[in-house]
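See below for the structure under consideration.
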Amino acid sequence: MNDKGDALNASYYHVVNHLTNTTVGAELTHIFSTNENTDTGPNAGGMGAYSPAPILTREIQSIVMNSIIMPTVKGMTAEGCKFVGVLYVGLMIEKKSGLPKLIEYNV
């Protein structure tokens, strides 16, 4: 789904270090994908992104931290996966509610 649909694409890179019990997040990034499966239209042949993005507010960042990042890190630690590294969180921000939805993790 792209920004012309019901949600905005966003990503968040978060540095996690269970050894020092710290997490540091970068700015949320607004991502633009191609509009067509044939690599035609805006940003054809790849993606574009910018940050900081005015549409990705501190409120959204707080929701991402409290409802996605921290529960994930705590869950991994509880299961014995004491993670140190960069956690990439792929998100969609619903236009109607303004709430972030988790799409994917990458490390």
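As shown in the structure tokens, the chain order sets the letters A, B, ...; within each chain, residues go from 1, and ligands are also counted from 1 in the order they appear.
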Contacts of segment 63-80 of chain A at 7 Å (only C-alpha atoms; same-chain gap of 3+ positions) as a list in words
Glu59, Ile60 and Pro100 of chain A
Selection file, C-alpha atoms, as a PDB file, in the first residue's frame:
ATOM      1  CA  GLU A  59       2.783  11.771  19.700  1.00  0.00           C
ATOM      2  CA  ILE A  60       3.098   9.062  17.033  1.00  0.00           C
ATOM      3  CA  PRO A 100       0.763   3.362  13.774  1.00  0.00           C
TER       4      PRO A 100
END
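Atom CA of His18 of chain A lies 27.0 Å from atom CA of Leu56 of chain A.
Going from atom CA of Leu8 of chain A to atom CA of Tyr105 of chain A covers 17.0 Å.
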Near-Leu28 of chain A list (12 Å; only C-alpha atoms; drop same-chain fewer than 3 positions) as a ChimeraX atom specification
/A:8-14,25,31,49-65,88-93,100
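From atom CA of Val24 of chain A back to atom CA of Val84 of chain A, the distance works out to 11.6 Å.
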How would you write, as number ranges by chain, the set of residues in segment 44-102 of chain A that DSSP gives as strand (DSSP E)?
A: 48-50, 84-94, 100-102
Would you mind exporting the chosen residues as an mmCIF file, in the first residue's frame, restricted to N, CA, C and O atoms?
data_model
loop_
_atom_site.group_PDB
_atom_site.id
_atom_site.type_symbol
_atom_site.label_atom_id
_atom_site.label_comp_id
_atom_site.auth_asym_id
_atom_site.auth_seq_id
_atom_site.Cartn_x
_atom_site.Cartn_y
_atom_site.Cartn_z
ATOM 1 N N GLY A 48 11.720 6.661 -2.034
ATOM 2 C CA GLY A 48 12.218 7.928 -1.538
ATOM 3 C C GLY A 48 11.796 8.058 -0.085
ATOM 4 O O GLY A 48 10.828 7.446 0.348
ATOM 5 N N ALA A 49 12.525 8.831 0.674
ATOM 6 C CA ALA A 49 12.186 9.017 2.083
ATOM 7 C C ALA A 49 12.721 10.352 2.557
ATOM 8 O O ALA A 49 13.670 10.888 1.976
ATOM 9 N N TYR A 50 12.117 10.889 3.609
ATOM 10 C CA TYR A 50 12.655 12.092 4.228
ATOM 11 C C TYR A 50 12.358 12.087 5.724
ATOM 12 O O TYR A 50 11.436 11.443 6.195
ATOM 13 N N VAL A 84 21.390 -6.679 21.043
ATOM 14 C CA VAL A 84 22.226 -5.484 20.943
ATOM 15 C C VAL A 84 22.365 -5.191 19.456
ATOM 16 O O VAL A 84 22.895 -6.003 18.706
ATOM 17 N N GLY A 85 21.857 -4.059 19.004
ATOM 18 C CA GLY A 85 21.950 -3.717 17.595
ATOM 19 C C GLY A 85 20.868 -2.742 17.182
ATOM 20 O O GLY A 85 20.230 -2.115 18.015
ATOM 21 N N VAL A 86 20.669 -2.656 15.882
ATOM 22 C CA VAL A 86 19.665 -1.747 15.333
ATOM 23 C C VAL A 86 18.418 -2.542 14.972
ATOM 24 O O VAL A 86 18.483 -3.504 14.211
ATOM 25 N N LEU A 87 17.313 -2.143 15.537
ATOM 26 C CA LEU A 87 16.022 -2.750 15.249
ATOM 27 C C LEU A 87 15.288 -1.822 14.291
ATOM 28 O O LEU A 87 15.015 -0.671 14.612
ATOM 29 N N TYR A 88 15.002 -2.317 13.090
ATOM 30 C CA TYR A 88 14.246 -1.552 12.099
ATOM 31 C C TYR A 88 12.781 -1.923 12.241
ATOM 32 O O TYR A 88 12.434 -3.100 12.251
ATOM 33 N N VAL A 89 11.943 -0.918 12.351
ATOM 34 C CA VAL A 89 10.511 -1.145 12.470
ATOM 35 C C VAL A 89 9.819 -0.508 11.271
ATOM 36 O O VAL A 89 9.907 0.704 11.069
ATOM 37 N N GLY A 90 9.177 -1.340 10.446
ATOM 38 C CA GLY A 90 8.397 -0.849 9.314
ATOM 39 C C GLY A 90 6.965 -0.623 9.766
ATOM 40 O O GLY A 90 6.359 -1.494 10.383
ATOM 41 N N LEU A 91 6.439 0.552 9.492
ATOM 42 C CA LEU A 91 5.132 0.943 10.001
ATOM 43 C C LEU A 91 4.207 1.441 8.896
ATOM 44 O O LEU A 91 4.676 1.868 7.841
ATOM 45 N N MET A 92 2.932 1.413 9.185
ATOM 46 C CA MET A 92 1.943 2.144 8.412
ATOM 47 C C MET A 92 1.181 2.991 9.418
ATOM 48 O O MET A 92 0.822 2.513 10.488
ATOM 49 N N ILE A 93 0.975 4.247 9.066
ATOM 50 C CA ILE A 93 0.200 5.143 9.911
ATOM 51 C C ILE A 93 -1.168 5.288 9.254
ATOM 52 O O ILE A 93 -1.278 5.812 8.148
ATOM 53 N N GLU A 94 -2.191 4.779 9.916
ATOM 54 C CA GLU A 94 -3.545 4.861 9.364
ATOM 55 C C GLU A 94 -3.964 6.320 9.252
ATOM 56 O O GLU A 94 -3.855 7.072 10.216
ATOM 57 N N PRO A 100 -0.217 4.206 14.468
ATOM 58 C CA PRO A 100 0.763 3.362 13.774
ATOM 59 C C PRO A 100 0.405 1.892 13.898
ATOM 60 O O PRO A 100 -0.088 1.442 14.937
ATOM 61 N N LYS A 101 0.678 1.157 12.823
ATOM 62 C CA LYS A 101 0.498 -0.298 12.795
ATOM 63 C C LYS A 101 1.811 -0.919 12.363
ATOM 64 O O LYS A 101 2.417 -0.500 11.385
ATOM 65 N N LEU A 102 2.252 -1.928 13.088
ATOM 66 C CA LEU A 102 3.500 -2.622 12.775
ATOM 67 C C LEU A 102 3.324 -3.484 11.537
ATOM 68 O O LEU A 102 2.380 -4.277 11.450
#
